[in-house]
Each structure stands twice: as structure tokens, then as C-alpha cells.
Amino acid sequence: MSYAQTIGSVRYTFPTLADLLAKASPARSGDNLAGIAAESAQQRIAAQLALADLPLATFLTETVVPYETDEVTRLIVDTHDPAAFSHVSSLTVGELRDYLLSDEATSERLTALAPGFTPEMAAAVSKLMRLQDLVLVARKISVVTRFRTTVGLPGRLSTRLQPNHPTDDPAGIAASILDGLMLGSGDAVIGINPVSDSPATVTKLLHLIDTARRRFSIPTQSCVLAHITTQMQAMDQGAPLDLLFQSIGGTEATNTSFGVSLSLLDEAHQQARSLKRGGIAPPGTDPNATEAGGENVMYFETGQGSSLSANAHHGVDQQTLEARAYAVARHFSPMLVNTVVGFIGPEYLYDGKQILRAALEDHFCGKLLGLPMGCDVCYTNHAEADNDDMDGILTMLGTAGVNYIMGVPGADDIMLHYQSTSFHDALYLRTVLDLRPAPEFEAWLETGAAKRLSLPKLLVI
Amino acid sequence: MAEAPKELQSAASPVTDLRDYTTARVSLTRTGSSLATRDSLTFALAHAQARDAVHATLSLPSLLDALRSRNLEAITIKSAAPDRATYLRRPNLGRTVSAALRASLSTQAKPPANNTLTIILADGLSALALDRHAIPLLDALLPLLTPHWSLTPIVIAEQARVAIADPIGQALHASLTLLLIGERPGLSSPDSLGAYLTWAPSPGRTDAERNCISNIRTHGLGYSAAAQRIAALANEAQRLQLTGTALKDLEAALPPPL
């Protein structure tokens, strides 16, 4: 089916739904690189006008990636909730935007709608929204998850403490953990990107975090962001794994390039659940009692451009594909999901302006689809971006109610070679927006326990 | 403005100097919850150096002088990316050379053999890395290579990505290309050089078919250690007639960087 819009004497046609979505996307270098972006500013608005008049129900009959050959499309179609959708089934994409911004769209109603939205609907409506729209609607939606801390409550901002080290050195990692804990970081997760993708390294680093957590009664969870199969081997060998990590994308072929499939994710998810770690005990419970097991055990990372990078984009724009990755994520009720928005480089998001828009789109689409969205607010040195751009993104995401951001010592990740947000950046955001850490972690900070931490105590096994 | 979060009042200054344990930016000085001026400017300087490295251009005259004084023949070329802004947006252009350039390179090709090596010096994302490290690395490397290899002229490529080695190597009938390229600058490593080996280069080779030795710089992998690893890989590539994943195991078995 083709789509068309006339402006003055010019008639624009868009042969497919994917083409309409691509042409309607606000400008970014990745869509240009793929050769699918609008060819003029007016063509882009023509596509947005056509998209605004498109009935939402179209997305239930037209797919952007074929159902027969893509398991992500099958997941989206087969798990769609028609009952939830029925409340908006008569709307066009433009009318959905108006509804989302209206006072009628309360927090409760938006939460109930989430299973009725497909990722393509979320992406489509976001393309008609300005930054303030993306902030305003996302702010209305709370997605709360729990492991040992409760993340995503209104008025709260959590952080992933990211203590990476170029040789996985335990003392070096512990030094960064200590620095972060003393600055109030680490209530979403203490998550290490290892250099070495081996079960032995994963196990060693998980023990490091777990020992520190138990010794100092720190309410948090651990994660070592190796490949999921490596984490599965570590679990087989008895590693104390809290959250199970994987990078995911919005097409089957992207996930194949990451070495995963839905069935593999499912198997790994079951294995992590079976460890019965985490779960928040009622107040007054013996802290050493056996844990009941958390409901939310998965941690996913995503980012616009990954499908094009893997040559797996099917001619679909990178923002729509990013939203499709969220369909994969929500199938597993994750504890944490974050877009690593500026990591991929300027050929996908060229400058601070493009990274800002992508960060707010990703956060909005994730929240609309019911995900506990965080964001790695970040950039590389070959992108046209700097600290000022990150401050803008950080402040707008905080206003939009982002669940968590990263806490990296001095914003400089010495292992992955990019700049993220620092412990101090999180303190800034908590201060200006009057946001507090996760309640369990806040209570721990108030005991003054962070004062009693020291490197030797963290490292003695 | 809201009051500062409570943990700030309870956070103690670290007694141990955490900087003894990691090069991460730990134990920064605070004013309120923000970075103090000195630490803020230290970060800004590191970023400025990385940015300058990304936008630097090669010092071609001194590079050519240095090669000439070593009796090494060199050809300079440009990729299909006309400028830095295009280069950053269109990585594919940085992997491509024009048909005219390929034809001109072909006139310098040797008859096909099993030991023809083309060394390519590419600016990549840090011309600074090439300016600083290419010649000292070649000085350490060439004595290890000359017993086994017959060199084509060295090719200096501007606005180049890793895969530019493929059309260049093919045009010169190289059995193996060794590409030395400026890596993406890190905040504290604006001048890191990478070395990529590709057997039987031709357009369409994937990264899985190459071997890479990374982080060649003053505070990273030293010239002598890098040269030994490159030479060992090159010789093994010749023996097995391939590069890439199948050579990885050998890479792991090599002595760790000094």
C-alpha cells in the first residue's frame, strides 16, 4: 500500500509504510547513510502530514519487516493486546499525539494502554512530537521495577555505577566502586563491562560486587555485561549473578549479529530466574534471610543505528527499529533498559542536536511501551558534541522522568573510550530537580554506611 | 533550588588515594556537588586534545622526508571522502578509492607472488597517531619483515578507513596488506595507532577476515612489542594463507604487551 500527500502543486508519494516512516523522521545522519532519509525539508513535513492522518489500526495490518522472516515482527504481532488497543483503535497517529498530550491521558490510562501499542505506533507518534512533547508525555508514565532496590518511582533518580577498568583489575574496579558509592551512585545496579568475555572473569567480578554488597549491606544488584552465553556459563559454575545483561536490536538479523535469538534470551531468563536472587523483603525482615527472588532480572541495552551497523535494517529508519528493540525487551519484564544513545558515533547521530532528540525519542517510546527506561547520556570524540550537549540532554531527561543514568568516574570510561555521565552529574540532576535515590539505597546512605567503606575492606574476600 | 541530597553531607573524603589503583577519574575535587574548576578544566583539555586529533591533517612533507631518508618509496592518495565532515558521516567513502587512482596504482604493481606486502599509512580518526608513531614503528618492524617479504611502495592514504587497504592491496597485487591507522581518540589517548593485517586483500573483505593490534602509543603497546606481534602475525598469515578469526588463537598465544 502506498501513501501520498500534496503540498501546493507537489504530490509526494511514499511507496511503503517503512518509507513513510523514514521520510517523516527528523533528520539524522544514520538515515542519510542508509539512503532512506527525506530528500528535502518539505518532503519530510509532507511525510509527517501523511503520517498524522494514518489510522493507528494500519499498523496492525501492515508490517515494516516481514512477519514470515523476522521473529521480532512475529513477537510484536502475536503478543499485541487488542483489548488495551481498543481505547485508541479509532485514532489516527496525529490524534494519538493530541490524546497523549491531553489531560485525559493520565498516568493510569497510559500505563493501561502500553500493551496495546506496537513499537511502530510509538515510533510513528514520536516523529510528530517536539522535544517538549516527548518530555511531557514521558513524565506522566512511571514504570517501576524491583530487585533489591525500587527503581523508577516518581521523584527518584537512580544510577548504574559503571566502574570499568582496561584490564579488569579488581583493585582498580573497587576503587571506582568506592568513589561512586561515596557519591551516592549505584542504586540501579553496579554494572561492569568486562574486557575479557570469559566465564572466569564474569564470576570473579560478580564475586567482587557480591562480597562488597553483603559485607556492607548495600541494597543494590550486580551485573557483568559479558555476552549472555558467557553469563549463562558463569551461572552454571555457581556465579552470584543478580541481573542478566544483553544488547538487543529491533530485527531478527540484528539480534543474530549479536549472537542471540528470542529462544536463547528466554532460556537465559529462565536460568537467571531460577537462581531466586533479589526480591524486596518486607520491613523488619532479617537481612540475612533467604531471598525470595526478584521478578525483574533482565538488563538490556539498545541504541539507534545498531541494525544499519549490522546490515540488518530492511530499509527501515533507525528510530523505528530502536522502538522495535523495546518489544523484545518488554517480553522479558526487565529491571533496567537503557539506550546507549551517543555511543555509536557521528555516522548515525552526527551532533549534540541529533543525540538529544534521539535520547528523548528513545526514552519516550520505551516508557510508552511500558519499559523502565534509563539512558546512557554519552558521546564519542569524533561526534560534534561536548559536555554542554550532555548537560542539556541530562537535564531534559531528568525532567522527563528518566529512571536512571550512568555514573562513570569523571564521565570518562577508560575501558570503552567514550564519555558518559559522572557521579557528579547525577548529583547535579538530583539537586536541581529535587530527585532522590531509590528508597532502599537512600535509607542505606542515611545510615552513614558509605562513610565506613574503604578499599581494603571492599577487596578482602 | 532544592537542598543538596543528604548523602553529600555524609560522604567522607577518601582516606586511601584511589588514584593509586586506577587511571579512572576518581577522587575528583568537589565544590557543592559539582566539579571544582581545576578538574573541570583538566577534563576539557583532554577532550580538546581528542577533538584536535580527530580534525588534524597529516604532516605529509615530514612523513615523506622520513620515508625518503630510509630509501622507502611512497605514493600519496586520497580516499573518496573529500573532507573531514563527509568522512565522518560517510564511512563507506573512506573505504573507497577512485577508479582512476586504482588504475594508476596498478601501474606500480609487481607480478603476483606469495610474499608481496603493501604497507599503508592511513590517517583514520587521528592523524596525530600516524605522525607520532608510524616512523618509529616502521624502524622497529622493517628489519623483522625484510627477510620474508617483498615490499611494494608504501601508500599514504588520507581521509581513510581500515577497509581502504582492500582496493589498494588489490591494485598493487599484494598478498598481504599492513595498514597503520590512527584510532578513534580516547579522552586520555589522542594518539593511539592501530595495525590491521589483511591476507589477499580485495573489496568486500569483512573485519572478521583481518587481524588487529591496537593501542600502539607511548603509554600503551610499545614499538618493539608491537613490531614483534605484527611480524609474527604476518609470517603466520603467509604460512596459513589467511588472516582473521583463524589467526586469533595465535594472537592470544603471543607474549603479553610490555
# chains A, B, ... in the order shown; residues from 1 in each chain; ligands from 1
$ residues_around --residues "stretch 231-239 of chain B" --least-positions-apart "6" --cutoff "9 Å" --atoms "only C-alpha atoms" --output "ChimeraX atom specification"
/B:114-115,141-142,144-145,148-149,175-176,178,197-199,211,247,250-251,254
$ residues_around --residues "stretch 34-40 of chain B" --least-positions-apart "4" --cutoff "9 Å" --atoms "only C-alpha atoms" --output "ChimeraX atom specification"
/A:410,424-425,427-428 /B:28-30,44-45
$ write_last_selection --atoms "N, CA, C and O atoms" --output "CSV table (one decimal), in the first residue's frame"
chain,number,residue,atom,x,y,z
A,410,GLY,N,34.3,10.7,36.7
A,410,GLY,CA,34.7,11.8,35.9
A,410,GLY,C,34.1,11.8,34.5
A,410,GLY,O,34.7,12.5,33.6
A,424,HIS,N,29.1,13.1,39.7
A,424,HIS,CA,28.7,14.5,40.0
A,424,HIS,C,27.5,15.0,39.1
A,424,HIS,O,26.7,15.8,39.6
A,425,ASP,N,27.5,14.5,37.9
A,425,ASP,CA,26.3,14.8,37.0
A,425,ASP,C,25.0,14.3,37.6
A,425,ASP,O,24.0,15.0,37.6
A,427,LEU,N,24.5,13.9,40.8
A,427,LEU,CA,24.2,14.8,42.0
A,427,LEU,C,23.6,16.1,41.5
A,427,LEU,O,22.7,16.6,42.2
A,428,TYR,N,24.2,16.6,40.5
A,428,TYR,CA,23.6,17.9,39.9
A,428,TYR,C,22.1,17.7,39.6
A,428,TYR,O,21.3,18.5,40.0
B,28,LEU,N,37.8,13.1,42.5
B,28,LEU,CA,37.8,14.5,42.0
B,28,LEU,C,37.4,15.5,43.1
B,28,LEU,O,36.7,15.1,44.0
B,29,THR,N,37.9,16.7,42.9
B,29,THR,CA,37.6,17.7,44.0
B,29,THR,C,36.2,18.3,43.7
B,29,THR,O,35.9,18.6,42.5
B,30,ARG,N,35.4,18.4,44.7
B,30,ARG,CA,34.1,18.9,44.6
B,30,ARG,C,33.9,20.3,45.2
B,30,ARG,O,34.6,20.6,46.2
B,44,ALA,N,38.2,19.2,30.2
B,44,ALA,CA,38.1,20.0,29.0
B,44,ALA,C,39.3,19.9,28.1
B,44,ALA,O,39.2,19.8,26.9
B,45,LEU,N,40.5,19.9,28.8
B,45,LEU,CA,41.7,19.9,28.0
B,45,LEU,C,41.9,18.5,27.3
B,45,LEU,O,42.2,18.5,26.1
$ residues_around --residues "stretch 244-252 of chain A" --least-positions-apart "2" --cutoff "7 Å" --atoms "only C-alpha atoms" --output "PDB file with N, CA and C atoms, in the first residue's frame"
ATOM      1  N   ASP A  70      10.942 -12.695  10.113  1.00  0.00           N
ATOM      2  CA  ASP A  70      11.541 -11.955  11.231  1.00  0.00           C
ATOM      3  C   ASP A  70      10.808 -12.264  12.533  1.00  0.00           C
ATOM      4  N   GLU A  71      11.523 -12.844  13.477  1.00  0.00           N
ATOM      5  CA  GLU A  71      10.863 -13.271  14.713  1.00  0.00           C
ATOM      6  C   GLU A  71      10.490 -12.092  15.615  1.00  0.00           C
ATOM      7  N   VAL A  72      11.148 -10.938  15.414  1.00  0.00           N
ATOM      8  CA  VAL A  72      10.756  -9.759  16.200  1.00  0.00           C
ATOM      9  C   VAL A  72       9.379  -9.273  15.733  1.00  0.00           C
ATOM     10  N   CYS A 223      25.890  -6.775  38.057  1.00  0.00           N
ATOM     11  CA  CYS A 223      25.801  -7.212  36.664  1.00  0.00           C
ATOM     12  C   CYS A 223      27.191  -7.116  36.054  1.00  0.00           C
ATOM     13  N   LEU A 225      28.596  -7.204  32.221  1.00  0.00           N
ATOM     14  CA  LEU A 225      27.952  -7.118  30.916  1.00  0.00           C
ATOM     15  C   LEU A 225      28.740  -7.863  29.831  1.00  0.00           C
ATOM     16  N   HIS A 227      28.770 -11.289  27.096  1.00  0.00           N
ATOM     17  CA  HIS A 227      27.734 -11.883  26.251  1.00  0.00           C
ATOM     18  C   HIS A 227      26.851 -12.810  27.099  1.00  0.00           C
ATOM     19  N   ILE A 228      25.597 -12.912  26.723  1.00  0.00           N
ATOM     20  CA  ILE A 228      24.646 -13.644  27.573  1.00  0.00           C
ATOM     21  C   ILE A 228      25.052 -15.114  27.746  1.00  0.00           C
ATOM     22  N   ASP A 242      23.127 -11.416  39.703  1.00  0.00           N
ATOM     23  CA  ASP A 242      21.847 -10.775  40.012  1.00  0.00           C
ATOM     24  C   ASP A 242      21.084 -10.462  38.727  1.00  0.00           C
ATOM     25  N   THR A 254      19.549  -8.362  13.303  1.00  0.00           N
ATOM     26  CA  THR A 254      20.399  -7.600  14.228  1.00  0.00           C
ATOM     27  C   THR A 254      20.754  -8.470  15.424  1.00  0.00           C
ATOM     28  N   ASN A 255      19.747  -9.130  15.960  1.00  0.00           N
ATOM     29  CA  ASN A 255      19.997  -9.982  17.121  1.00  0.00           C
ATOM     30  C   ASN A 255      20.915 -11.147  16.776  1.00  0.00           C
ATOM     31  N   THR A 256      20.771 -11.678  15.553  1.00  0.00           N
ATOM     32  CA  THR A 256      21.695 -12.727  15.115  1.00  0.00           C
ATOM     33  C   THR A 256      23.121 -12.194  15.126  1.00  0.00           C
ATOM     34  N   ALA A 272      18.272 -17.414  34.972  1.00  0.00           N
ATOM     35  CA  ALA A 272      18.534 -16.369  35.971  1.00  0.00           C
ATOM     36  C   ALA A 272      17.414 -16.325  37.008  1.00  0.00           C
ATOM     37  N   VAL A 297      14.684  -9.407  36.325  1.00  0.00           N
ATOM     38  CA  VAL A 297      16.084  -9.838  36.401  1.00  0.00           C
ATOM     39  C   VAL A 297      16.902  -9.486  35.152  1.00  0.00           C
ATOM     40  N   MET A 298      16.243  -8.935  34.138  1.00  0.00           N
ATOM     41  CA  MET A 298      16.978  -8.683  32.894  1.00  0.00           C
ATOM     42  C   MET A 298      17.437  -7.222  32.805  1.00  0.00           C
ATOM     43  N   TYR A 299      18.571  -7.042  32.164  1.00  0.00           N
ATOM     44  CA  TYR A 299      19.108  -5.713  31.880  1.00  0.00           C
ATOM     45  C   TYR A 299      19.453  -5.683  30.391  1.00  0.00           C
ATOM     46  N   PHE A 300      18.783  -4.798  29.641  1.00  0.00           N
ATOM     47  CA  PHE A 300      19.022  -4.696  28.199  1.00  0.00           C
ATOM     48  C   PHE A 300      19.598  -3.342  27.833  1.00  0.00           C
ATOM     49  N   GLU A 301      20.520  -3.363  26.859  1.00  0.00           N
ATOM     50  CA  GLU A 301      20.970  -2.105  26.256  1.00  0.00           C
ATOM     51  C   GLU A 301      20.642  -2.115  24.764  1.00  0.00           C
ATOM     52  N   THR A 302      20.336  -0.917  24.275  1.00  0.00           N
ATOM     53  CA  THR A 302      19.943  -0.737  22.876  1.00  0.00           C
ATOM     54  C   THR A 302      20.601   0.538  22.364  1.00  0.00           C
ATOM     55  N   SER A 306      22.084   0.411  15.439  1.00  0.00           N
ATOM     56  CA  SER A 306      22.716  -0.913  15.539  1.00  0.00           C
ATOM     57  C   SER A 306      22.324  -1.817  14.365  1.00  0.00           C
ATOM     58  N   SER A 307      21.106  -1.672  13.859  1.00  0.00           N
ATOM     59  CA  SER A 307      20.682  -2.549  12.755  1.00  0.00           C
ATOM     60  C   SER A 307      21.397  -2.195  11.453  1.00  0.00           C
ATOM     61  N   ALA A 312      21.352  -4.962   8.820  1.00  0.00           N
ATOM     62  CA  ALA A 312      20.156  -5.757   9.122  1.00  0.00           C
ATOM     63  C   ALA A 312      18.961  -4.838   9.308  1.00  0.00           C
ATOM     64  N   LEU A 321      13.363   1.133  14.232  1.00  0.00           N
ATOM     65  CA  LEU A 321      13.993  -0.138  14.608  1.00  0.00           C
ATOM     66  C   LEU A 321      14.365  -0.149  16.090  1.00  0.00           C
ATOM     67  N   GLU A 322      14.780   1.004  16.598  1.00  0.00           N
ATOM     68  CA  GLU A 322      15.097   1.104  18.025  1.00  0.00           C
ATOM     69  C   GLU A 322      13.851   0.779  18.856  1.00  0.00           C
ATOM     70  N   ARG A 324      11.431  -1.054  17.976  1.00  0.00           N
ATOM     71  CA  ARG A 324      11.160  -2.498  17.876  1.00  0.00           C
ATOM     72  C   ARG A 324      12.029  -3.302  18.848  1.00  0.00           C
ATOM     73  N   ALA A 325      13.217  -2.800  19.149  1.00  0.00           N
ATOM     74  CA  ALA A 325      14.045  -3.494  20.149  1.00  0.00           C
ATOM     75  C   ALA A 325      13.336  -3.500  21.506  1.00  0.00           C
TER      76      ALA A 325
END
$ closest_residue --among "B:Ala174, B:Leu105, B:Ala53, B:Ala99" --to "B:Leu117" --atoms "only C-alpha atoms"
B:Ala174
$ interface_residues --of "chain A" --to "chain B" --cutoff "8 Å" --atoms "only C-alpha atoms" --output "PyMOL selection string"
chain A and resi 29+33+165+171-173+175-176+179+182-184+346-348+350+381-382+409-414+417-419+424-425+427-428+430-434+436+442+445-446+448+450-451+454-455
